[in-house]
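Right, one structure below, let's go through it.
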Amino acid sequence: MHKHSKKRQSYVVLLFTAGDLHRWAPDACGKRHEESMGLYSRYILPKVVHFTCGLKPNMRQREKVVPRARGRILEVGIGSGLNLPYYDAAKVSKVWGLDPAPEMTRMAKQAAGFLPFEVEFIGLPGDEIPLEDNTIDTVVVTYTLCTIAATTPALRQISRVLRPGGELIFCEHGSAPDASVRRWQDRLNPIWKRLGGGCNLNRPIPALIEAGGFRIKDLDTMYIPGWRPASFNYWGSAVPR
C-alpha cells in the first residue's frame, strides 16, 4: 500500500473517533470530555483554523475579492486577519473587524499593527453589529457564512449598516454541484462541524445570501485545490434588495 493511502485512512479514522466521543463516552466522563473540547476550542482550534484558512488556494481566493473593498469597511469574521494584507490601502478609510473569538483576534491585532490604515476590532458575533445604520461602504465576508449559526439575522444586520450603493463582497466554501461530493458533505458534516468550530461543509451559499435580503450582482464558482468536500468555492458581490 502506498504511503498516501495509509495517511488518508489514518486521517479518516481519526475524524470519526474524535467526532463520536460525545456519544460513546460514559456519562461519568462527560464533564471531562466537555472540558477537553473547551481546551481544544481555545488553544488548538484557532491555530488549526489559521493554518488551514491560510493555505495557498484559500489565499489566492482572498486576493481575488478583498482588494475590491473600499471606503469604510466592515469585515465580518475577521478571524486571525488573513485578509488584512489584501486590502488596497489607497481605497480604505477604516476597517472594523468583527469576531467573537478573542483567540483569533489576538492574532489579527498583530497583523494589523503593520498596516497604513486603522483597524478597530469588535468582539461580537455577526448578528450583533454595533454600528449605526447606513455607515459602511463595503462588508467583506470570507469563509465565515459556513460558521455563523443564524445567517439570516447576520445578513440583515449587514444590510442595515450598508450605505446606499454599498455592497457585500464574499468568498465562501459550500455545497458542491456534484451529487457524489454532496453526499460526502452531508455524511461528514456533523463530525466536521464539531471539530471545526461550527463550520458547515454543505451550506447553499447563494441561497443563504438571498434569504438574508440581498441580490447577488456577480458570482463565480469553482473547486479550488484541496480536499473535495471543503473545496467548492462561491465568490462575488451582492447588494441589499
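Chain labels A, B, ... are given in the sequence in which chains occur in the C-alpha cells; within each chain residues are numbered consecutively from 1, and ligands are likewise numbered from 1 in the order shown.
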Determine which residues of region 36-92 of chain A receive a DSSP assignment of alpha helix (DSSP H), computed from the backbone, and state them as a list in words.
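Matching residues, listed in order: Ser36, Met37, Gly38, Leu39, Leu45, Pro46, Lys47, Val48, Val49, His50, Phe51, Thr52, Cys53, Lys56, Pro57, Asn58, Met59, Arg60, Gln61, Arg62, Glu63, Lys64 and Val65 of chain A.
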Would you pick out the contacts of Leu124 (chain A) at 10 Å or less, using only C-alpha atoms, so that residues sharing its chain but fewer than 6 positions from it are not included, and give the list as a list in words?
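Surrounding residues, per the criterion: Val76, Gly77, Gly97, Leu98, Asp99, Pro100, Ala101, Pro102 and Pro130 of chain A.
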For each of A:Cys199, A:Ile169, A:Leu155, A:Val48, take the minimum atom-to-atom distance to Gln185 (chain A), counting only C-alpha atoms, then give the residue where this is smallest.
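Counting only C-alpha atoms, the residue closest to Gln185 (chain A) is A:Cys199.
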Choose the residue, out of A:Arg60, A:Arg156, A:Arg72, A:Arg183, that has the smallest atom-to-atom separation from Ser93 (chain A); count only C-alpha atoms.
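The shortest atom-to-atom distance to Ser93 (chain A) comes from A:Arg72.
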Please identify which residues in region 146-237 of chain A DSSP calls strand (DSSP E) from the backbone, and express them as a PyMOL selection string.
chain A and resi 162-173+214-223+232-237
Those residues with C-alpha atoms, as a compact mmCIF listing (two decimals), in the first residue's frame please?
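result-v4.txt, freshly written:
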```
# COMPACT_ATOMS: atom_id res chain seq x y z
CA LEU A 162 -24.55 49.31 4.47
CA ARG A 163 -24.92 52.74 2.93
CA PRO A 164 -26.99 53.19 -0.24
CA GLY A 165 -24.71 52.00 -3.02
CA GLY A 166 -22.72 49.83 -0.62
CA GLU A 167 -22.05 46.16 -1.31
CA LEU A 168 -21.30 42.83 0.28
CA ILE A 169 -18.17 41.11 -1.03
CA PHE A 170 -17.95 37.42 -0.26
CA CYS A 171 -15.92 34.27 -0.77
CA GLU A 172 -17.21 31.08 0.85
CA HIS A 173 -16.98 27.33 0.55
CA PHE A 214 -29.53 40.53 -0.80
CA ARG A 215 -29.47 40.42 -4.59
CA ILE A 216 -26.34 38.79 -6.00
CA LYS A 217 -24.66 41.03 -8.59
CA ASP A 218 -21.91 38.70 -9.74
CA LEU A 219 -21.00 35.16 -8.82
CA ASP A 220 -18.13 32.82 -9.71
CA THR A 221 -17.72 29.22 -8.60
CA MET A 222 -15.08 26.51 -8.80
CA TYR A 223 -13.35 23.75 -6.92
CA PHE A 232 -16.11 24.18 -3.72
CA ASN A 233 -15.99 27.99 -3.55
CA TYR A 234 -18.50 30.74 -4.30
CA TRP A 235 -17.31 34.31 -4.61
CA GLY A 236 -18.71 37.61 -5.83
CA SER A 237 -20.73 40.58 -4.63
```
CA of Glu63 (chain A) and CA of Asn83 (chain A), how far apart in Å?
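Atom-to-atom, CA of Asn83 (chain A) to CA of Glu63 (chain A), that is 8.1 Å.
Using only C-alpha atoms, the contacts of Arg187 (chain A) at a cut-off of 12 Å, with sequence neighbours closer than 6 positions omitted, comprise Phe16, Ser180, Val181, Lys193, Asn200, Leu201, Asn202 and Pro229 of chain A.
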Pick from A:Pro125, A:Pro204, A:Gly38, A:Pro190: nearest to Ser175 (chain A), with only C-alpha atoms counted?
A:Pro204
Expressed in Å to a single decimal, how great is the separation between CA of Glu103 (chain A) and CA of Ile44 (chain A)?
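Here the two named atoms are 10.0 Å from each other.
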List as a PyMOL selection string the protein and nucleic acid residues near Pro67 (chain A), meaning an atom at most 8 Å away when only C-alpha atoms are counted, but skip any in the same chain fewer than 3 places from it.
chain A and resi 63-64+70+86-88
Using only C-alpha atoms, please write the residues we just selected to a file, as an mmCIF file, in the first residue's frame.
```
data_model
loop_
_atom_site.group_PDB
_atom_site.id
_atom_site.type_symbol
_atom_site.label_atom_id
_atom_site.label_comp_id
_atom_site.auth_asym_id
_atom_site.auth_seq_id
_atom_site.Cartn_x
_atom_site.Cartn_y
_atom_site.Cartn_z
ATOM 1 C CA GLU A 63 -6.569 38.017 -3.305
ATOM 2 C CA LYS A 64 -9.405 37.961 -5.860
ATOM 3 C CA ARG A 70 -13.427 50.467 -0.497
ATOM 4 C CA TYR A 86 -5.004 42.229 0.613
ATOM 5 C CA TYR A 87 -6.871 45.470 1.273
ATOM 6 C CA ASP A 88 -5.923 48.260 -1.134
#
```
